[in-house]
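S.K.: One file is attached below, start_7.cif, containing mmCIF, C-alpha atoms.
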```
data_work
#
loop_
_atom_site.group_PDB
_atom_site.id
_atom_site.type_symbol
_atom_site.label_atom_id
_atom_site.label_comp_id
_atom_site.auth_asym_id
_atom_site.auth_seq_id
_atom_site.Cartn_x
_atom_site.Cartn_y
_atom_site.Cartn_z
ATOM 1 C CA VAL A 1 15.226 6.706 -5.476
ATOM 2 C CA SER A 2 18.154 4.934 -3.827
ATOM 3 C CA SER A 3 16.579 4.580 -0.372
ATOM 4 C CA GLU A 4 16.124 1.092 1.038
ATOM 5 C CA ASP A 5 12.627 2.159 2.074
ATOM 6 C CA VAL A 6 11.289 2.664 -1.460
ATOM 7 C CA ALA A 7 9.761 -0.818 -1.677
ATOM 8 C CA ALA A 8 7.988 -0.496 1.671
ATOM 9 C CA LEU A 9 6.659 2.963 0.789
ATOM 10 C CA GLU A 10 5.426 1.633 -2.546
ATOM 11 C CA LEU A 11 3.446 -1.091 -0.777
ATOM 12 C CA ILE A 12 2.073 1.379 1.774
ATOM 13 C CA HIS A 13 0.997 3.616 -1.106
ATOM 14 C CA GLU A 14 -0.739 0.719 -2.842
ATOM 15 C CA TYR A 15 -2.492 -0.316 0.378
ATOM 16 C CA CYS A 16 -3.695 3.192 1.229
ATOM 17 C CA GLY A 17 -4.725 4.034 -2.333
ATOM 18 C CA ASN A 18 -6.768 0.875 -2.870
ATOM 19 C CA MET A 19 -10.564 1.192 -2.795
ATOM 20 C CA ALA A 20 -10.598 -1.690 -0.317
ATOM 21 C CA GLY A 21 -7.926 0.015 1.786
ATOM 22 C CA PRO A 22 -8.389 1.817 5.105
ATOM 23 C CA LEU A 23 -8.718 5.369 3.752
ATOM 24 C CA PHE A 24 -11.517 4.693 1.265
ATOM 25 C CA THR A 25 -13.298 2.186 3.510
ATOM 26 C CA ARG A 26 -13.297 4.335 6.647
ATOM 27 C CA LEU A 27 -13.490 7.903 5.350
ATOM 28 C CA ARG A 28 -15.770 7.441 2.348
ATOM 29 C CA ASP A 29 -17.782 4.242 2.858
ATOM 30 C CA GLU A 30 -18.299 4.300 6.629
ATOM 31 C CA LEU A 31 -18.256 8.007 7.487
ATOM 32 C CA GLY A 32 -19.257 9.576 4.171
ATOM 33 C CA LEU A 33 -16.649 12.329 4.592
ATOM 34 C CA ALA A 34 -14.868 12.122 1.248
ATOM 35 C CA TYR A 35 -15.579 13.098 -2.323
ATOM 36 C CA TYR A 36 -12.204 11.442 -2.903
ATOM 37 C CA VAL A 37 -9.411 10.202 -0.652
ATOM 38 C CA ASN A 38 -6.042 8.732 -1.542
ATOM 39 C CA ALA A 39 -2.292 8.725 -1.021
ATOM 40 C CA THR A 40 0.434 9.875 -3.396
ATOM 41 C CA GLN A 41 4.218 9.739 -3.444
ATOM 42 C CA PHE A 42 7.201 11.095 -5.361
ATOM 43 C CA HIS A 43 10.726 9.662 -5.264
ATOM 44 C CA GLY A 44 13.428 12.192 -6.069
ATOM 45 C CA VAL A 45 17.199 11.992 -6.289
ATOM 46 C CA GLY A 46 17.803 13.943 -3.090
ATOM 47 C CA THR A 47 14.450 13.783 -1.325
ATOM 48 C CA GLY A 48 10.867 12.702 -1.899
ATOM 49 C CA LEU A 49 7.280 13.266 -0.847
ATOM 50 C CA PHE A 50 4.571 11.017 0.567
ATOM 51 C CA ALA A 51 1.140 12.609 1.017
ATOM 52 C CA PHE A 52 -2.339 11.585 2.090
ATOM 53 C CA TYR A 53 -5.243 13.731 0.873
ATOM 54 C CA ILE A 54 -9.016 13.983 1.081
ATOM 55 C CA GLY A 55 -11.615 16.167 -0.625
ATOM 56 C CA THR A 56 -14.553 16.966 1.640
ATOM 57 C CA SER A 57 -17.282 19.542 2.311
ATOM 58 C CA PRO A 58 -16.422 22.772 4.187
ATOM 59 C CA GLU A 59 -18.469 21.880 7.242
ATOM 60 C CA GLN A 60 -16.737 18.493 7.540
ATOM 61 C CA ALA A 61 -13.155 19.650 6.964
ATOM 62 C CA ASP A 62 -12.104 19.472 10.632
ATOM 63 C CA LEU A 63 -13.597 16.016 11.124
ATOM 64 C CA ALA A 64 -12.096 14.780 7.849
ATOM 65 C CA ARG A 65 -8.664 16.028 8.898
ATOM 66 C CA SER A 66 -8.973 14.338 12.281
ATOM 67 C CA GLU A 67 -10.107 11.033 10.810
ATOM 68 C CA LEU A 68 -7.393 11.082 8.154
ATOM 69 C CA LEU A 69 -4.735 11.633 10.817
ATOM 70 C CA GLN A 70 -6.285 8.818 12.847
ATOM 71 C CA GLN A 71 -5.909 6.391 9.929
ATOM 72 C CA ILE A 72 -2.276 7.421 9.535
ATOM 73 C CA ASN A 73 -1.773 6.858 13.259
ATOM 74 C CA ILE A 74 -3.286 3.361 12.981
ATOM 75 C CA LEU A 75 -0.876 2.622 10.145
ATOM 76 C CA THR A 76 2.089 3.566 12.352
ATOM 77 C CA GLN A 77 0.795 1.355 15.166
ATOM 78 C CA GLU A 78 -0.390 -1.705 13.273
ATOM 79 C CA GLY A 79 1.241 -1.619 9.842
ATOM 80 C CA ILE A 80 -0.488 -3.606 7.087
ATOM 81 C CA PRO A 81 -2.276 -6.903 7.877
ATOM 82 C CA GLU A 82 -0.917 -10.009 6.147
ATOM 83 C CA ALA A 83 -3.715 -10.547 3.602
ATOM 84 C CA PRO A 84 -3.838 -6.906 2.380
ATOM 85 C CA LEU A 85 -0.027 -6.861 2.264
ATOM 86 C CA ASN A 86 0.023 -9.914 -0.005
ATOM 87 C CA HIS A 87 -2.621 -8.277 -2.203
ATOM 88 C CA ALA A 88 -0.571 -5.072 -2.377
ATOM 89 C CA LYS A 89 2.509 -7.055 -3.418
ATOM 90 C CA THR A 90 0.570 -8.766 -6.211
ATOM 91 C CA SER A 91 -0.850 -5.448 -7.436
ATOM 92 C CA VAL A 92 2.538 -3.682 -7.463
ATOM 93 C CA LEU A 93 4.292 -6.544 -9.251
ATOM 94 C CA ALA A 94 1.495 -6.869 -11.817
ATOM 95 C CA CYS A 95 1.512 -3.124 -12.502
ATOM 96 C CA ASP A 96 5.287 -3.091 -12.960
ATOM 97 C CA ALA A 97 5.088 -6.057 -15.341
ATOM 98 C CA LEU A 98 2.438 -4.334 -17.462
ATOM 99 C CA GLU A 99 4.371 -1.066 -17.590
ATOM 100 C CA ASN A 100 7.600 -2.782 -18.640
ATOM 101 C CA GLN A 101 6.283 -5.265 -21.178
ATOM 102 C CA SER A 102 7.434 -3.315 -24.254
ATOM 103 C CA ASN A 103 11.049 -3.005 -25.401
ATOM 104 C CA HIS A 104 10.727 0.778 -25.259
ATOM 105 C CA SER A 105 9.554 0.762 -21.630
ATOM 106 C CA MET A 106 12.204 -1.721 -20.551
ATOM 107 C CA ALA A 107 14.969 0.267 -22.241
ATOM 108 C CA GLN A 108 13.764 3.436 -20.535
ATOM 109 C CA VAL A 109 13.647 1.773 -17.100
ATOM 110 C CA CYS A 110 17.137 0.316 -17.489
ATOM 111 C CA ALA A 111 18.553 3.616 -18.751
ATOM 112 C CA LEU A 112 17.011 5.689 -15.936
ATOM 113 C CA ASN A 113 18.075 3.231 -13.261
ATOM 114 C CA THR A 114 21.596 3.334 -14.648
ATOM 115 C CA LEU A 115 21.599 7.147 -14.586
ATOM 116 C CA PHE A 116 20.381 7.074 -10.982
ATOM 117 C CA GLY A 117 23.272 4.787 -10.077
ATOM 118 C CA LEU A 118 21.034 1.794 -9.400
ATOM 119 C CA GLY A 119 22.225 -0.361 -12.296
ATOM 120 C CA PRO A 120 20.355 -1.765 -15.331
ATOM 121 C CA HIS A 121 19.076 -4.792 -13.392
ATOM 122 C CA HIS A 122 17.571 -2.802 -10.552
ATOM 123 C CA HIS A 123 14.002 -3.570 -11.671
ATOM 124 C CA LEU A 124 14.671 -7.281 -11.107
ATOM 125 C CA GLU A 125 16.158 -6.642 -7.672
ATOM 126 C CA HIS A 126 13.241 -4.357 -6.816
ATOM 127 C CA ALA A 127 10.725 -7.089 -7.709
ATOM 128 C CA GLU A 128 12.504 -9.538 -5.412
ATOM 129 C CA ARG A 129 12.534 -6.915 -2.671
ATOM 130 C CA ILE A 130 8.774 -6.424 -3.047
ATOM 131 C CA LYS A 131 8.211 -10.184 -2.741
ATOM 132 C CA SER A 132 10.388 -10.613 0.330
ATOM 133 C CA ILE A 133 9.428 -7.590 2.402
ATOM 134 C CA THR A 134 7.829 -8.422 5.739
ATOM 135 C CA GLY A 135 5.051 -6.896 7.790
ATOM 136 C CA GLU A 136 7.611 -5.885 10.416
ATOM 137 C CA GLU A 137 9.546 -3.895 7.809
ATOM 138 C CA ILE A 138 6.344 -2.183 6.675
ATOM 139 C CA LEU A 139 5.548 -1.207 10.268
ATOM 140 C CA ALA A 140 9.075 0.102 10.875
ATOM 141 C CA THR A 141 8.916 2.201 7.694
ATOM 142 C CA ALA A 142 5.499 3.623 8.604
ATOM 143 C CA GLN A 143 6.779 4.590 12.044
ATOM 144 C CA LYS A 144 9.931 6.109 10.559
ATOM 145 C CA TYR A 145 8.156 8.427 8.125
ATOM 146 C CA PHE A 146 4.682 8.960 9.591
ATOM 147 C CA GLY A 147 5.385 8.885 13.316
ATOM 148 C CA ASP A 148 6.381 12.552 13.594
ATOM 149 C CA GLU A 149 4.299 15.700 13.156
ATOM 150 C CA PRO A 150 3.429 16.046 9.446
ATOM 151 C CA VAL A 151 2.973 19.116 7.278
ATOM 152 C CA ILE A 152 -0.795 19.698 6.902
ATOM 153 C CA ALA A 153 -2.363 21.939 4.273
ATOM 154 C CA THR A 154 -6.098 22.653 4.153
ATOM 155 C CA VAL A 155 -7.228 24.477 1.019
ATOM 156 C CA ALA A 156 -10.773 25.716 0.355
ATOM 157 C CA PRO A 157 -12.176 27.356 -2.792
ATOM 158 C CA PRO A 158 -13.311 31.007 -2.717
ATOM 159 C CA SER A 159 -16.885 31.687 -1.754
ATOM 160 C CA PRO A 160 -19.427 32.524 -4.501
ATOM 161 C CA SER A 161 -19.664 36.044 -3.061
ATOM 162 C CA LEU A 162 -15.920 36.568 -3.574
ATOM 163 C CA LEU A 163 -16.168 35.412 -7.178
ATOM 164 C CA ALA A 164 -19.106 37.780 -7.699
ATOM 165 C CA LEU A 165 -17.028 40.707 -6.429
ATOM 166 C CA SER A 166 -14.067 39.697 -8.627
ATOM 167 C CA PRO A 167 -15.454 38.549 -12.006
ATOM 168 C CA GLY A 168 -11.944 38.153 -13.427
ATOM 169 C CA LEU A 169 -10.917 35.704 -10.731
ATOM 170 C CA SER A 170 -10.391 32.261 -12.217
ATOM 171 C CA SER A 171 -11.692 29.362 -10.171
ATOM 172 C CA ARG A 172 -8.882 27.222 -11.566
ATOM 173 C CA ARG A 173 -6.196 29.511 -10.176
ATOM 174 C CA THR A 174 -7.651 29.198 -6.703
ATOM 175 C CA HIS A 175 -7.822 25.398 -6.642
ATOM 176 C CA ARG A 176 -4.125 24.739 -6.188
ATOM 177 C CA VAL A 177 -2.014 23.593 -3.296
ATOM 178 C CA TRP A 178 1.464 24.934 -2.521
ATOM 179 C CA ALA A 179 3.308 22.918 0.109
ATOM 180 C CA LEU A 180 6.603 23.958 1.655
ATOM 181 C CA SER A 181 8.362 21.563 3.952
ATOM 182 C CA PRO A 182 9.853 23.305 7.000
ATOM 183 C CA THR A 183 12.915 21.055 6.738
ATOM 184 C CA SER A 184 13.511 21.376 3.018
ATOM 185 C CA ALA A 185 14.199 24.113 0.512
ATOM 186 C CA HIS A 186 12.014 22.372 -2.061
ATOM 187 C CA MET A 187 8.585 23.742 -2.951
ATOM 188 C CA MET A 188 6.058 21.566 -4.727
ATOM 189 C CA HIS A 189 3.086 22.706 -6.787
ATOM 190 C CA MET A 190 0.153 20.303 -6.642
ATOM 191 C CA PRO A 191 -2.923 21.303 -8.707
ATOM 192 C CA SER A 192 -6.260 20.059 -7.541
ATOM 193 C CA ALA A 193 -8.256 17.842 -9.867
ATOM 194 C CA ALA A 194 -11.446 19.541 -8.729
ATOM 195 C CA SER A 195 -11.927 22.095 -11.487
ATOM 196 C CA PRO A 196 -11.271 21.337 -15.173
ATOM 197 C CA CYS A 197 -12.342 24.773 -16.403
ATOM 198 C CA ASP A 198 -10.469 28.064 -16.524
ATOM 199 C CA GLY A 199 -13.377 30.440 -15.980
ATOM 200 C CA PRO A 200 -15.436 31.262 -12.895
ATOM 201 C CA SER A 201 -17.894 28.592 -11.866
ATOM 202 C CA SER A 202 -20.939 28.565 -9.625
ATOM 203 C CA VAL A 203 -20.154 24.955 -8.651
ATOM 204 C CA MET A 204 -17.489 25.067 -5.960
ATOM 205 C CA PRO A 205 -15.179 22.061 -5.594
ATOM 206 C CA PRO A 206 -14.576 20.628 -2.125
ATOM 207 C CA PRO A 207 -11.835 21.779 0.235
ATOM 208 C CA ILE A 208 -8.701 19.682 0.083
ATOM 209 C CA VAL A 209 -6.828 18.455 3.144
ATOM 210 C CA LYS A 210 -3.299 17.204 2.463
ATOM 211 C CA VAL A 211 -1.042 15.580 5.041
ATOM 212 C CA MET A 212 2.544 15.546 3.778
ATOM 213 C CA ARG A 213 5.882 14.105 4.781
ATOM 214 C CA TRP A 214 9.210 14.714 3.005
ATOM 215 C CA VAL A 215 11.113 11.436 2.757
#
```
Would you encode the structure as structure tokens?
M.R.:
Amino acid sequence: VSSEDVAALELIHEYCGNMAGPLFTRLRDELGLAYYVNATQFHGVGTGLFAFYIGTSPEQADLARSELLQQINILTQEGIPEAPLNHAKTSVLACDALENQSNHSMAQVCALNTLFGLGPHHHLEHAERIKSITGEEILATAQKYFGDEPVIATVAPPSPSLLALSPGLSSRRTHRVWALSPTSAHMMHMPSAASPCDGPSSVMPPPIVKVMRWV
């Protein structure tokens, strides 16, 4: 939470998660590889996580993984173009303003920032940082965190034949991702949004490919 790179990562997350961004446009619209594709991040006190993920069909999992990695590689080489960067700034600032418009929300933000050692006015400083960040800083941050070999997890649901042999096997229990960073002692549990039910199902959700970096 105290890293100087938080603002840049927030803008990268907004850019990659937008439906007009490179992941959705390339992997879903142009190639038709994705049931869903997005990026996610978590800022912790000691470390954090930034992940890209895609849900695809079993026969397209290898291609989806390759194309997802290619989009990440493009991000590390080109950063975010000026117009999308300005749009990402506007979206982040607008979202923060909406979230903090009540007295309760503002008090919570100020209290948490104070506990994290950032000070009660950190939200104001963060907004100014978002406004002033440059494309060069975005590119440097992308290269810093996404330029090395990532942790990749590919998770597929059990086959219908396996469920038939094990009637007590819950499809929900099998649609979860456990990711362990080789450079960290932290383990993170990330449930898939593919299956809302607890019992066996004849409708199998897509495999999930996650590309993760601890930050």
S.K.: Please measure the separation of atom CA of A:Thr134 and atom CA of A:Arg28, giving the value in Å to one decimal.
M.R.: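 Computed distance, atom CA of A:Thr134 to atom CA of A:Arg28, equals 28.6 Å.
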S.K.: I'd like the interatomic distance between atom CA of A:Ser2 and atom CA of A:Leu118, to a tenth of an Å.
M.R.: 7.0 Å
S.K.: Please, which residues are within 9 Å of (-0.5, 5.7, -1.2) by the file's coordinates, counting only C-alpha atoms, and could they come as a list in words?
M.R.: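 Residues with an atom close enough to that point: Leu9, Glu10, Leu11, Ile12, His13, Glu14, Tyr15, Cys16, Gly17, Asn18, Asn38, Ala39, Thr40, Gln41, Phe50, Ala51 and Phe52 of chain A.
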S.K.: Between A:Val109, A:Arg65, A:Ser57, A:Ala127, which residue has the minimum interatomic distance to A:Ala156, considering all atoms listed in the file?
M.R.: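 Closest to A:Ala156, using all atoms listed in the file: A:Ser57.
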S.K.: To one decimal in Å, tell me the separation between atom CA of A:Gly48 and atom CA of A:Asp96.
M.R.: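 We find that atom CA of A:Gly48 and atom CA of A:Asp96 lie 20.1 Å from each other.
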S.K.: The PyMOL selection byres ((chain A and resi 133) around 12) - which residues does that actually catch in the file I just gave you? List them as a ChimeraX atom specification.
M.R.: /A:4-12,80,82,85-86,88-89,126-132,134-141
S.K.: Return the single residue from A:Val155, A:Ala20, A:Leu49, A:Leu124 that is closest to A:Leu93, with distances computed using only C-alpha atoms.
M.R.: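 Among the listed residues, A:Leu124 lies closest to A:Leu93.
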S.K.: Please identify all polymer residues within 12 Å of A:Glu67, counting all atoms listed in the file, omitting same-chain residues fewer than 6 positions from it, and present them as a list of chain:residue names.
M.R.: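 Counting all atoms listed in the file, the residues come to A:Pro22, A:Leu23, A:Phe24, A:Thr25, A:Arg26, A:Leu27, A:Arg28, A:Glu30, A:Leu31, A:Gly32, A:Leu33, A:Ala34, A:Val37, A:Phe52, A:Tyr53, A:Ile54, A:Thr56, A:Gln60, A:Ala61, A:Asn73, A:Ile74, A:Val209, A:Val211.
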S.K.: Can you turn the PyMOL selection byres ((chain A and resi 116) around 12) into a concrete residue list for this file, as a PDB file with C-alpha atoms, keeping the file's coordinate frame?
M.R.:
```pdb
ATOM      1  CA  VAL A   1      15.226   6.706  -5.476  1.00  0.00           C
ATOM      2  CA  SER A   2      18.154   4.934  -3.827  1.00  0.00           C
ATOM      3  CA  SER A   3      16.579   4.580  -0.372  1.00  0.00           C
ATOM      4  CA  HIS A  43      10.726   9.662  -5.264  1.00  0.00           C
ATOM      5  CA  GLY A  44      13.428  12.192  -6.069  1.00  0.00           C
ATOM      6  CA  VAL A  45      17.199  11.992  -6.289  1.00  0.00           C
ATOM      7  CA  GLY A  46      17.803  13.943  -3.090  1.00  0.00           C
ATOM      8  CA  VAL A 109      13.647   1.773 -17.100  1.00  0.00           C
ATOM      9  CA  CYS A 110      17.137   0.316 -17.489  1.00  0.00           C
ATOM     10  CA  ALA A 111      18.553   3.616 -18.751  1.00  0.00           C
ATOM     11  CA  LEU A 112      17.011   5.689 -15.936  1.00  0.00           C
ATOM     12  CA  ASN A 113      18.075   3.231 -13.261  1.00  0.00           C
ATOM     13  CA  THR A 114      21.596   3.334 -14.648  1.00  0.00           C
ATOM     14  CA  LEU A 115      21.599   7.147 -14.586  1.00  0.00           C
ATOM     15  CA  GLY A 117      23.272   4.787 -10.077  1.00  0.00           C
ATOM     16  CA  LEU A 118      21.034   1.794  -9.400  1.00  0.00           C
ATOM     17  CA  GLY A 119      22.225  -0.361 -12.296  1.00  0.00           C
ATOM     18  CA  PRO A 120      20.355  -1.765 -15.331  1.00  0.00           C
ATOM     19  CA  HIS A 122      17.571  -2.802 -10.552  1.00  0.00           C
TER      20      HIS A 122
END
```
S.K.: Give me the box for stretch 74-81 of chain A as JSON, namely the centre and edge lengths in Å to one decimal of a box along x, y and z that holds every listed atom plus 5 Å on each side.
M.R.:
```
{"center_x": -0.6, "center_y": -1.7, "center_z": 11.1, "size_x": 15.4, "size_y": 20.5, "size_z": 18.1}
```
